[in-house]
Amino acid sequence: MGEPVKILYFSWIRERIGMGEETISLPDSVRTVTDLLTWMQKRNDQFAHALEVPDIIRVALDQEHTEHDDPIGTPREIALFPPMTGG
Amino acid sequence: MGEPVKILYFSWIRERIGMGEETISLPDSVRTVTDLLTWMQKRNDQFAHALEVPDIIRVALDQEHTEHDDPIGTPREIALFPPMTGG
Amino acid sequence: MSATPNIRVQPEDFNQTIEIEKLTKGRADIGAVTTFIGLCRSEGESLNALELEHYPGMAEAEVTKSAQEACERWPIDGLTVIHRYGVIKPGEQIVLVIATSRHRDAAFDGARYVMDFLKTNAPFWKKEHRIDGKTGEWVDAKESDVDAKARWAKS
Amino acid sequence: MSATPNIRVQPEDFNQTIEIEKLTKGRADIGAVTTFIGLCRSEGESLNALELEHYPGMAEAEVTKSAQEACERWPIDGLTVIHRYGVIKPGEQIVLVIATSRHRDAAFDGARYVMDFLKTNAPFWKKEHRIDGKTGEWVDAKESDVDAKARWAKS
């Protein structure tokens, strides 16, 4: 397990998971963004529902957009959110 | 000679000719916009100076832009002006 | 046509807030408002004022024509164009274009289309009055304005 | 870079006249001001309000990034972006972009570029509150917004 990292959830991902923020340690097996989403999905039914279409989930590492095959690295903050609808 | 027609001059064409408006009859030989400019140039030195580069002169017939090979027709109002610089 | 344009050619200044309100007040179906304001620039501090001459009647007609074309081409809900004439000082407003629409693409395209066509087709001419009192030059037309109009050619 | 953008993410409404004045007052070298305002639309009268959620910190950072890119790409003299969050009623303002430049092309391109990138890259999400009191839906992202961003790809 790595260092504890803050995870933020937004929009309907936050609603489905039932919380906006948590601090957890990720298993060493989580090396890429895709690994993170796959691992998250298995945590419980709420996560499974929130992340049921992983392709559309956006993941930011330290407030920077990523692609799903990017390495996770050692961020202080991870955010999961759906496609953006601002403007 | 045709019916008298109002001719308007704008911008530096007006200044070089020394008047903004006149009403004249055009000779029957003036059939196109190019004919008009050629005839105008020969009227006096002021017109020759104002129209010395006929390619850039814009001619409107009844407030509609024309090309130089357009027929003159029988407009009530003709305007001569340089390229526009509004906006 | 999606909207009837409001066109004014006048010596008076204008207030973009009031003009935007006229297009948006009391309706909640407009999602996008694009506004363009053209200002009188000083040219290296040498300009005292611009004098704008226009061809009354044809100026309104040409602006109206380009505004109507924009309304036919894009789903525009409201379009206002105000162009001033007379003596205008550096920093003062010359032209206002407002296009409103449900969506931003139509509002951006409509406003820019009107500006591009107005520049080359509407009979206005600018003469410079210089600070040193010299009779100024008439402003030259720009080739780039002709190019700008060409970008709207339909392929 | 031609200008340092002014970026604000706030719940409060904004006044475009005041924001334009901040960019133009006291200088006469600006010839073009393009303003975009995004408004909250009612959807067939069924919408009571939009609730805008944002990711504090990253929202500002992403808007700043697109604004800086615009300032690098075009000769922009001033660029202001204000994006609201919280509950916004139909007809109210959501987002403001102002780009000023000597010439209109840079002002138009800069404002539109920021809007196109803001739409797909800035972490904001809209939820509908319906008039009938039902918990609304989260607004779906639009494919057309991804397409809009693609038009700025350099060839």
# chains A, B, ... in the order shown; residues from 1 in each chain; ligands from 1

$ interface_residues --of "chain D" --to "chain A" --cutoff "10 Å" --atoms "only C-alpha atoms" --output "ChimeraX atom specification"
/D:37-40,52-59,61-62,82-85,94-97,114-127,137-142,145

$ calpha_fit_and_write --fixed "chain C" --moving "chain D" --output "compact mmCIF listing (two decimals) with N, CA and C atoms, in the first residue's frame"
# COMPACT_ATOMS: atom_id res chain seq x y z
N MET D 1 -35.94 32.82 -42.03
CA MET D 1 -35.04 33.69 -41.26
C MET D 1 -35.39 33.59 -39.78
N SER D 2 -34.36 33.55 -38.95
CA SER D 2 -34.61 33.28 -37.54
C SER D 2 -34.90 34.54 -36.73
N ALA D 3 -34.49 35.69 -37.19
CA ALA D 3 -34.71 36.92 -36.42
C ALA D 3 -34.72 38.10 -37.37
N THR D 4 -35.36 39.20 -36.95
CA THR D 4 -35.32 40.44 -37.71
C THR D 4 -34.26 41.33 -37.09
N PRO D 5 -33.22 41.67 -37.83
CA PRO D 5 -32.13 42.45 -37.23
C PRO D 5 -32.56 43.88 -36.91
N ASN D 6 -31.98 44.44 -35.87
CA ASN D 6 -32.14 45.86 -35.51
C ASN D 6 -30.90 46.60 -35.99
N ILE D 7 -31.08 47.52 -36.93
CA ILE D 7 -29.94 48.22 -37.53
C ILE D 7 -30.08 49.71 -37.26
N ARG D 8 -29.01 50.33 -36.76
CA ARG D 8 -29.03 51.79 -36.58
C ARG D 8 -27.71 52.38 -37.06
N VAL D 9 -27.80 53.47 -37.83
CA VAL D 9 -26.63 54.24 -38.24
C VAL D 9 -26.86 55.64 -37.69
N GLN D 10 -26.01 56.08 -36.78
CA GLN D 10 -26.32 57.28 -35.99
C GLN D 10 -25.04 57.96 -35.52
N PRO D 11 -25.10 59.27 -35.24
CA PRO D 11 -23.92 59.93 -34.68
C PRO D 11 -23.76 59.66 -33.18
N GLU D 12 -24.84 59.35 -32.50
CA GLU D 12 -24.80 59.20 -31.04
C GLU D 12 -24.05 57.94 -30.61
N ASP D 13 -23.48 58.02 -29.41
CA ASP D 13 -22.85 56.86 -28.81
C ASP D 13 -23.94 55.84 -28.45
N PHE D 14 -23.50 54.64 -28.08
CA PHE D 14 -24.45 53.58 -27.71
C PHE D 14 -24.00 52.93 -26.41
N ASN D 15 -24.89 52.18 -25.80
CA ASN D 15 -24.63 51.50 -24.53
C ASN D 15 -24.92 50.01 -24.72
N GLN D 16 -23.88 49.21 -24.69
CA GLN D 16 -24.08 47.80 -25.04
C GLN D 16 -24.95 47.07 -24.02
N THR D 17 -24.91 47.50 -22.75
CA THR D 17 -25.74 46.83 -21.74
C THR D 17 -27.22 46.99 -22.07
N ILE D 18 -27.59 48.22 -22.43
CA ILE D 18 -29.00 48.48 -22.78
C ILE D 18 -29.39 47.68 -24.02
N GLU D 19 -28.49 47.63 -24.99
CA GLU D 19 -28.82 46.92 -26.23
C GLU D 19 -28.91 45.41 -26.00
N ILE D 20 -28.04 44.88 -25.16
CA ILE D 20 -28.13 43.44 -24.84
C ILE D 20 -29.45 43.15 -24.13
N GLU D 21 -29.81 44.03 -23.18
CA GLU D 21 -31.06 43.82 -22.44
C GLU D 21 -32.28 43.78 -23.36
N LYS D 22 -32.24 44.64 -24.39
CA LYS D 22 -33.38 44.65 -25.33
C LYS D 22 -33.55 43.28 -25.99
N LEU D 23 -32.44 42.57 -26.19
CA LEU D 23 -32.51 41.28 -26.87
C LEU D 23 -32.78 40.12 -25.92
N THR D 24 -32.48 40.31 -24.63
CA THR D 24 -32.56 39.16 -23.71
C THR D 24 -33.64 39.29 -22.66
N LYS D 25 -34.08 40.51 -22.37
CA LYS D 25 -34.98 40.72 -21.23
C LYS D 25 -36.30 39.97 -21.42
N GLY D 26 -36.73 39.34 -20.35
CA GLY D 26 -38.02 38.70 -20.35
C GLY D 26 -38.06 37.38 -21.10
N ARG D 27 -36.91 36.90 -21.57
CA ARG D 27 -36.93 35.59 -22.22
C ARG D 27 -35.76 34.77 -21.68
N ALA D 28 -35.99 33.48 -21.55
CA ALA D 28 -34.99 32.61 -20.93
C ALA D 28 -34.58 31.50 -21.89
N ASP D 29 -34.80 31.74 -23.19
CA ASP D 29 -34.43 30.71 -24.18
C ASP D 29 -33.10 31.03 -24.86
N ILE D 30 -32.46 32.13 -24.42
CA ILE D 30 -31.20 32.52 -25.04
C ILE D 30 -30.04 32.04 -24.16
N GLY D 31 -29.15 31.28 -24.75
CA GLY D 31 -28.03 30.75 -23.99
C GLY D 31 -26.72 31.45 -24.26
N ALA D 32 -26.66 32.23 -25.35
CA ALA D 32 -25.38 32.79 -25.77
C ALA D 32 -25.56 34.19 -26.32
N VAL D 33 -24.72 35.10 -25.87
CA VAL D 33 -24.71 36.48 -26.36
C VAL D 33 -23.28 36.83 -26.75
N THR D 34 -23.04 37.06 -28.03
CA THR D 34 -21.72 37.52 -28.47
C THR D 34 -21.82 38.99 -28.86
N THR D 35 -20.94 39.79 -28.29
CA THR D 35 -20.94 41.23 -28.54
C THR D 35 -19.58 41.64 -29.11
N PHE D 36 -19.61 42.41 -30.17
CA PHE D 36 -18.37 43.00 -30.68
C PHE D 36 -18.48 44.52 -30.61
N ILE D 37 -17.46 45.15 -30.07
CA ILE D 37 -17.39 46.61 -30.07
C ILE D 37 -16.11 47.03 -30.77
N GLY D 38 -16.25 47.87 -31.78
CA GLY D 38 -15.09 48.46 -32.44
C GLY D 38 -14.85 49.84 -31.87
N LEU D 39 -13.61 50.09 -31.45
CA LEU D 39 -13.25 51.35 -30.81
C LEU D 39 -12.31 52.15 -31.71
N CYS D 40 -12.32 53.45 -31.55
CA CYS D 40 -11.38 54.33 -32.25
C CYS D 40 -10.02 54.21 -31.57
N ARG D 41 -9.02 53.79 -32.33
CA ARG D 41 -7.66 53.66 -31.79
C ARG D 41 -6.86 54.92 -32.10
N SER D 42 -6.05 55.34 -31.16
CA SER D 42 -5.05 56.36 -31.48
C SER D 42 -3.91 55.66 -32.19
N GLU D 43 -3.30 56.34 -33.14
CA GLU D 43 -2.17 55.73 -33.84
C GLU D 43 -0.91 56.38 -33.31
N GLY D 44 -0.29 55.74 -32.33
CA GLY D 44 0.93 56.31 -31.76
C GLY D 44 0.73 57.72 -31.24
N GLU D 45 -0.41 57.98 -30.65
CA GLU D 45 -0.72 59.27 -30.01
C GLU D 45 -0.87 60.42 -31.01
N SER D 46 -0.79 60.13 -32.31
CA SER D 46 -0.82 61.23 -33.27
C SER D 46 -2.24 61.58 -33.71
N LEU D 47 -3.21 60.74 -33.34
CA LEU D 47 -4.58 60.94 -33.82
C LEU D 47 -5.39 61.77 -32.83
N ASN D 48 -6.00 62.83 -33.33
CA ASN D 48 -6.89 63.62 -32.50
C ASN D 48 -8.32 63.08 -32.56
N ALA D 49 -8.74 62.66 -33.74
CA ALA D 49 -10.08 62.11 -33.90
C ALA D 49 -10.18 61.43 -35.26
N LEU D 50 -11.17 60.56 -35.38
CA LEU D 50 -11.55 60.03 -36.70
C LEU D 50 -12.85 60.71 -37.11
N GLU D 51 -12.93 61.05 -38.40
CA GLU D 51 -14.20 61.54 -38.91
C GLU D 51 -14.77 60.45 -39.80
N LEU D 52 -15.95 60.01 -39.47
CA LEU D 52 -16.59 58.94 -40.23
C LEU D 52 -17.65 59.49 -41.16
N GLU D 53 -17.41 59.34 -42.45
CA GLU D 53 -18.39 59.73 -43.46
C GLU D 53 -19.18 58.48 -43.86
N HIS D 54 -20.43 58.65 -44.21
CA HIS D 54 -21.20 57.48 -44.67
C HIS D 54 -22.14 57.90 -45.79
N TYR D 55 -22.65 56.92 -46.47
CA TYR D 55 -23.60 57.11 -47.57
C TYR D 55 -24.98 56.81 -46.98
N PRO D 56 -25.73 57.86 -46.61
CA PRO D 56 -27.02 57.61 -45.95
C PRO D 56 -27.94 56.77 -46.84
N GLY D 57 -28.61 55.85 -46.26
CA GLY D 57 -29.49 54.98 -47.03
C GLY D 57 -28.75 53.69 -47.40
N MET D 58 -27.69 53.84 -48.19
CA MET D 58 -26.96 52.64 -48.59
C MET D 58 -26.22 52.02 -47.40
N ALA D 59 -25.73 52.85 -46.47
CA ALA D 59 -25.04 52.30 -45.29
C ALA D 59 -25.99 51.40 -44.51
N GLU D 60 -27.18 51.89 -44.22
CA GLU D 60 -28.17 51.08 -43.51
C GLU D 60 -28.51 49.82 -44.31
N ALA D 61 -28.67 50.01 -45.65
CA ALA D 61 -29.09 48.87 -46.48
C ALA D 61 -28.03 47.77 -46.50
N GLU D 62 -26.76 48.15 -46.59
CA GLU D 62 -25.71 47.13 -46.64
C GLU D 62 -25.53 46.42 -45.30
N VAL D 63 -25.64 47.17 -44.21
CA VAL D 63 -25.55 46.53 -42.89
C VAL D 63 -26.73 45.58 -42.71
N THR D 64 -27.90 46.02 -43.11
CA THR D 64 -29.10 45.17 -43.01
C THR D 64 -28.93 43.90 -43.83
N LYS D 65 -28.37 44.06 -45.02
CA LYS D 65 -28.18 42.88 -45.89
C LYS D 65 -27.28 41.83 -45.21
N SER D 66 -26.16 42.27 -44.68
CA SER D 66 -25.25 41.29 -44.05
C SER D 66 -25.89 40.70 -42.79
N ALA D 67 -26.65 41.51 -42.07
CA ALA D 67 -27.32 41.00 -40.86
C ALA D 67 -28.39 39.97 -41.23
N GLN D 68 -29.13 40.24 -42.29
CA GLN D 68 -30.16 39.28 -42.73
C GLN D 68 -29.51 37.98 -43.21
N GLU D 69 -28.39 38.12 -43.93
CA GLU D 69 -27.67 36.91 -44.38
C GLU D 69 -27.25 36.06 -43.18
N ALA D 70 -26.75 36.74 -42.13
CA ALA D 70 -26.34 35.99 -40.93
C ALA D 70 -27.54 35.28 -40.31
N CYS D 71 -28.68 35.95 -40.27
CA CYS D 71 -29.89 35.34 -39.67
C CYS D 71 -30.41 34.17 -40.49
N GLU D 72 -30.14 34.19 -41.80
CA GLU D 72 -30.55 33.07 -42.64
C GLU D 72 -29.60 31.88 -42.49
N ARG D 73 -28.35 32.20 -42.21
CA ARG D 73 -27.31 31.17 -42.22
C ARG D 73 -27.20 30.43 -40.88
N TRP D 74 -27.48 31.14 -39.78
CA TRP D 74 -27.34 30.53 -38.45
C TRP D 74 -28.62 30.74 -37.65
N PRO D 75 -28.90 29.86 -36.68
CA PRO D 75 -30.11 30.01 -35.85
C PRO D 75 -29.95 31.13 -34.82
N ILE D 76 -30.08 32.35 -35.28
CA ILE D 76 -29.87 33.53 -34.44
C ILE D 76 -31.21 34.02 -33.92
N ASP D 77 -31.26 34.33 -32.61
CA ASP D 77 -32.51 34.79 -32.00
C ASP D 77 -32.63 36.30 -32.01
N GLY D 78 -31.51 37.00 -32.00
CA GLY D 78 -31.55 38.46 -32.02
C GLY D 78 -30.25 39.01 -32.56
N LEU D 79 -30.34 40.10 -33.32
CA LEU D 79 -29.12 40.66 -33.92
C LEU D 79 -29.28 42.18 -33.96
N THR D 80 -28.37 42.87 -33.32
CA THR D 80 -28.38 44.33 -33.30
C THR D 80 -27.06 44.85 -33.85
N VAL D 81 -27.13 45.80 -34.77
CA VAL D 81 -25.92 46.44 -35.29
C VAL D 81 -26.11 47.95 -35.20
N ILE D 82 -25.18 48.63 -34.54
CA ILE D 82 -25.19 50.10 -34.49
C ILE D 82 -23.84 50.59 -34.99
N HIS D 83 -23.88 51.46 -36.00
CA HIS D 83 -22.64 52.04 -36.52
C HIS D 83 -22.74 53.55 -36.44
N ARG D 84 -21.75 54.17 -35.81
CA ARG D 84 -21.77 55.63 -35.68
C ARG D 84 -21.13 56.31 -36.89
N TYR D 85 -21.47 57.58 -37.09
CA TYR D 85 -20.75 58.42 -38.03
C TYR D 85 -20.48 59.76 -37.36
N GLY D 86 -19.68 60.60 -38.03
CA GLY D 86 -19.31 61.88 -37.43
C GLY D 86 -17.92 61.80 -36.81
N VAL D 87 -17.63 62.73 -35.91
CA VAL D 87 -16.30 62.81 -35.31
C VAL D 87 -16.23 61.93 -34.06
N ILE D 88 -15.26 61.04 -34.03
CA ILE D 88 -15.13 60.09 -32.94
C ILE D 88 -13.69 60.14 -32.42
N LYS D 89 -13.55 60.30 -31.11
CA LYS D 89 -12.24 60.46 -30.48
C LYS D 89 -11.62 59.09 -30.13
N PRO D 90 -10.29 59.04 -30.02
CA PRO D 90 -9.65 57.79 -29.60
C PRO D 90 -10.24 57.27 -28.29
N GLY D 91 -10.48 55.98 -28.25
CA GLY D 91 -11.08 55.35 -27.08
C GLY D 91 -12.60 55.28 -27.15
N GLU D 92 -13.20 56.09 -28.04
CA GLU D 92 -14.66 56.05 -28.16
C GLU D 92 -15.13 54.90 -29.04
N GLN D 93 -16.40 54.58 -28.90
CA GLN D 93 -16.98 53.45 -29.62
C GLN D 93 -17.40 53.84 -31.04
N ILE D 94 -17.16 52.96 -31.99
CA ILE D 94 -17.56 53.18 -33.39
C ILE D 94 -18.71 52.26 -33.78
N VAL D 95 -18.57 50.98 -33.48
CA VAL D 95 -19.55 50.02 -33.98
C VAL D 95 -19.86 48.97 -32.91
N LEU D 96 -21.11 48.54 -32.90
CA LEU D 96 -21.57 47.51 -31.97
C LEU D 96 -22.31 46.43 -32.75
N VAL D 97 -21.95 45.18 -32.51
CA VAL D 97 -22.72 44.06 -33.06
C VAL D 97 -23.05 43.12 -31.91
N ILE D 98 -24.31 42.78 -31.77
CA ILE D 98 -24.72 41.80 -30.76
C ILE D 98 -25.50 40.70 -31.46
N ALA D 99 -25.09 39.46 -31.25
CA ALA D 99 -25.85 38.32 -31.78
C ALA D 99 -26.21 37.41 -30.61
N THR D 100 -27.48 37.07 -30.52
CA THR D 100 -27.92 36.14 -29.47
C THR D 100 -28.46 34.87 -30.12
N SER D 101 -28.29 33.77 -29.39
CA SER D 101 -28.75 32.49 -29.91
C SER D 101 -28.91 31.51 -28.75
N ARG D 102 -29.53 30.37 -29.03
CA ARG D 102 -29.54 29.33 -28.01
C ARG D 102 -28.12 28.85 -27.74
N HIS D 103 -27.31 28.76 -28.80
CA HIS D 103 -25.98 28.16 -28.66
C HIS D 103 -24.88 29.10 -29.12
N ARG D 104 -23.69 28.89 -28.59
CA ARG D 104 -22.63 29.87 -28.78
C ARG D 104 -22.10 29.92 -30.20
N ASP D 105 -22.11 28.79 -30.93
CA ASP D 105 -21.54 28.83 -32.28
C ASP D 105 -22.27 29.83 -33.17
N ALA D 106 -23.59 29.82 -33.13
CA ALA D 106 -24.36 30.74 -33.97
C ALA D 106 -24.12 32.19 -33.54
N ALA D 107 -24.01 32.42 -32.25
CA ALA D 107 -23.79 33.79 -31.77
C ALA D 107 -22.42 34.31 -32.20
N PHE D 108 -21.40 33.46 -32.08
CA PHE D 108 -20.06 33.87 -32.52
C PHE D 108 -20.01 34.06 -34.04
N ASP D 109 -20.50 33.07 -34.78
CA ASP D 109 -20.44 33.16 -36.24
C ASP D 109 -21.24 34.36 -36.75
N GLY D 110 -22.42 34.56 -36.20
CA GLY D 110 -23.28 35.65 -36.68
C GLY D 110 -22.63 37.02 -36.47
N ALA D 111 -22.09 37.24 -35.29
CA ALA D 111 -21.48 38.55 -35.00
C ALA D 111 -20.26 38.79 -35.90
N ARG D 112 -19.46 37.74 -36.07
CA ARG D 112 -18.24 37.91 -36.86
C ARG D 112 -18.54 38.09 -38.35
N TYR D 113 -19.54 37.36 -38.83
CA TYR D 113 -19.95 37.49 -40.23
C TYR D 113 -20.38 38.93 -40.52
N VAL D 114 -21.21 39.48 -39.64
CA VAL D 114 -21.67 40.86 -39.85
C VAL D 114 -20.49 41.82 -39.87
N MET D 115 -19.55 41.67 -38.93
CA MET D 115 -18.39 42.56 -38.91
C MET D 115 -17.56 42.42 -40.19
N ASP D 116 -17.34 41.19 -40.63
CA ASP D 116 -16.51 40.99 -41.82
C ASP D 116 -17.13 41.61 -43.06
N PHE D 117 -18.44 41.48 -43.21
CA PHE D 117 -19.09 42.04 -44.39
C PHE D 117 -19.27 43.55 -44.28
N LEU D 118 -19.57 44.00 -43.07
CA LEU D 118 -19.70 45.43 -42.84
C LEU D 118 -18.40 46.16 -43.23
N LYS D 119 -17.26 45.58 -42.88
CA LYS D 119 -15.96 46.22 -43.14
C LYS D 119 -15.74 46.49 -44.63
N THR D 120 -16.12 45.57 -45.48
CA THR D 120 -15.81 45.73 -46.91
C THR D 120 -17.02 46.17 -47.73
N ASN D 121 -18.22 46.03 -47.22
CA ASN D 121 -19.41 46.31 -48.02
C ASN D 121 -20.22 47.53 -47.60
N ALA D 122 -20.09 47.96 -46.35
CA ALA D 122 -20.93 49.07 -45.90
C ALA D 122 -20.21 50.39 -46.19
N PRO D 123 -20.90 51.33 -46.86
CA PRO D 123 -20.24 52.56 -47.29
C PRO D 123 -19.99 53.55 -46.15
N PHE D 124 -18.90 53.30 -45.45
CA PHE D 124 -18.36 54.22 -44.43
C PHE D 124 -16.89 54.46 -44.79
N TRP D 125 -16.42 55.68 -44.51
CA TRP D 125 -15.01 56.01 -44.75
C TRP D 125 -14.48 56.81 -43.57
N LYS D 126 -13.27 56.47 -43.17
CA LYS D 126 -12.65 57.13 -42.01
C LYS D 126 -11.57 58.10 -42.47
N LYS D 127 -11.62 59.32 -41.93
CA LYS D 127 -10.56 60.29 -42.16
C LYS D 127 -9.90 60.64 -40.84
N GLU D 128 -8.59 60.71 -40.86
CA GLU D 128 -7.86 61.02 -39.63
C GLU D 128 -7.74 62.53 -39.44
N HIS D 129 -8.01 62.97 -38.22
CA HIS D 129 -7.69 64.34 -37.82
C HIS D 129 -6.50 64.24 -36.87
N ARG D 130 -5.41 64.88 -37.21
CA ARG D 130 -4.19 64.69 -36.42
C ARG D 130 -4.06 65.73 -35.30
N ILE D 131 -3.34 65.33 -34.26
CA ILE D 131 -3.13 66.22 -33.11
C ILE D 131 -2.36 67.47 -33.52
N ASP D 132 -1.44 67.32 -34.49
CA ASP D 132 -0.64 68.48 -34.90
C ASP D 132 -1.44 69.44 -35.79
N GLY D 133 -2.74 69.16 -35.94
CA GLY D 133 -3.60 70.08 -36.68
C GLY D 133 -3.58 69.86 -38.18
N LYS D 134 -2.66 69.02 -38.64
CA LYS D 134 -2.60 68.77 -40.08
C LYS D 134 -3.87 68.05 -40.55
N THR D 135 -4.26 68.41 -41.77
CA THR D 135 -5.36 67.68 -42.36
C THR D 135 -4.94 66.23 -42.48
N GLY D 136 -5.73 65.37 -41.94
CA GLY D 136 -5.32 63.98 -41.90
C GLY D 136 -5.53 63.28 -43.24
N GLU D 137 -5.14 62.03 -43.24
CA GLU D 137 -5.30 61.17 -44.40
C GLU D 137 -6.60 60.38 -44.27
N TRP D 138 -7.12 59.98 -45.40
CA TRP D 138 -8.19 59.00 -45.38
C TRP D 138 -7.57 57.64 -45.09
N VAL D 139 -8.20 56.89 -44.23
CA VAL D 139 -7.68 55.57 -43.86
C VAL D 139 -7.76 54.65 -45.08
N ASP D 140 -6.67 53.92 -45.32
CA ASP D 140 -6.66 52.98 -46.46
C ASP D 140 -7.44 51.72 -46.13
N ALA D 141 -8.11 51.20 -47.13
CA ALA D 141 -8.76 49.90 -46.97
C ALA D 141 -7.69 48.83 -46.83
N LYS D 142 -8.02 47.79 -46.08
CA LYS D 142 -7.05 46.73 -45.83
C LYS D 142 -7.36 45.48 -46.65
N GLU D 143 -6.30 44.95 -47.26
CA GLU D 143 -6.44 43.69 -47.98
C GLU D 143 -6.95 42.59 -47.05
N SER D 144 -6.51 42.66 -45.78
CA SER D 144 -6.90 41.61 -44.82
C SER D 144 -8.41 41.60 -44.60
N ASP D 145 -9.06 42.74 -44.80
CA ASP D 145 -10.51 42.75 -44.65
C ASP D 145 -11.20 42.02 -45.79
N VAL D 146 -10.62 42.11 -46.98
CA VAL D 146 -11.16 41.36 -48.12
C VAL D 146 -10.96 39.86 -47.87
N ASP D 147 -9.78 39.51 -47.36
CA ASP D 147 -9.51 38.10 -47.02
C ASP D 147 -10.50 37.60 -45.97
N ALA D 148 -10.78 38.47 -44.98
CA ALA D 148 -11.68 38.06 -43.89
C ALA D 148 -13.06 37.71 -44.43
N LYS D 149 -13.51 38.49 -45.39
CA LYS D 149 -14.82 38.21 -45.98
C LYS D 149 -14.81 36.87 -46.71
N ALA D 150 -13.67 36.58 -47.35
CA ALA D 150 -13.59 35.36 -48.16
C ALA D 150 -13.76 34.09 -47.32
N ARG D 151 -13.47 34.19 -46.01
CA ARG D 151 -13.55 32.95 -45.22
C ARG D 151 -14.97 32.42 -45.08
N TRP D 152 -15.95 33.25 -45.41
CA TRP D 152 -17.34 32.82 -45.27
C TRP D 152 -17.90 32.21 -46.56
N ALA D 153 -17.07 32.11 -47.61
CA ALA D 153 -17.53 31.51 -48.86
C ALA D 153 -17.98 30.09 -48.59
N LYS D 154 -19.16 29.75 -49.11
CA LYS D 154 -19.66 28.39 -48.88
C LYS D 154 -18.98 27.45 -49.86
N SER D 155 -18.52 26.32 -49.35
CA SER D 155 -17.81 25.37 -50.22
C SER D 155 -18.82 24.45 -50.89

$ select_by_dssp --residues "chain A" --states "alpha helix (DSSP H)" --output "JSON, numbers by chain"
{"A": [11, 12, 13, 14, 15, 16, 17, 33, 34, 35, 36, 37, 38, 39, 40, 41, 45, 46, 47, 48, 49, 50]}

$ residues_around --residues "Pro71 (chain B)" --least-positions-apart "5" --cutoff "8 Å" --atoms "only C-alpha atoms" --output "PDB file with C-alpha atoms, in the first residue's frame"
ATOM      1  CA  ARG B  31     -23.382  51.692 -71.224  1.00  0.00           C
ATOM      2  CA  THR B  32     -21.285  50.080 -68.476  1.00  0.00           C
ATOM      3  CA  VAL B  33     -19.704  51.148 -65.207  1.00  0.00           C
TER       4      VAL B  33
END

$ atom_distance --atom1 "CA of Ile17 (chain B)" --atom2 "CA of Asp35 (chain B)"
18.4 Å

$ select_by_dssp --residues "region 6-82 of chain A" --states "strand (DSSP E or B)" --output "PyMOL selection string"
chain A and resi 6-9+21-25+32+58-61+64-65+71+77-81

$ residues_around --residues "Ile7 (chain B)" --least-positions-apart "5" --cutoff "9 Å" --atoms "only C-alpha atoms" --output "list of chain:residue names"
B:Gly20, B:Glu21, B:Glu22, B:Thr23, B:Ile24, B:Arg76, B:Glu77, B:Ile78, B:Ala79, B:Leu80

$ residues_around --residues "Val30 (chain B)" --least-positions-apart "3" --cutoff "12 Å" --atoms "only C-alpha atoms" --output "VMD selection string"
chain B and resid 1 to 2 25 to 27 33 to 40 69 to 74

$ residues_around --residues "Ala50 (chain A)" --least-positions-apart "5" --cutoff "9 Å" --atoms "only C-alpha atoms" --output "JSON, numbers by chain"
{"A": [12, 13, 14, 15, 16, 17, 41, 45]}
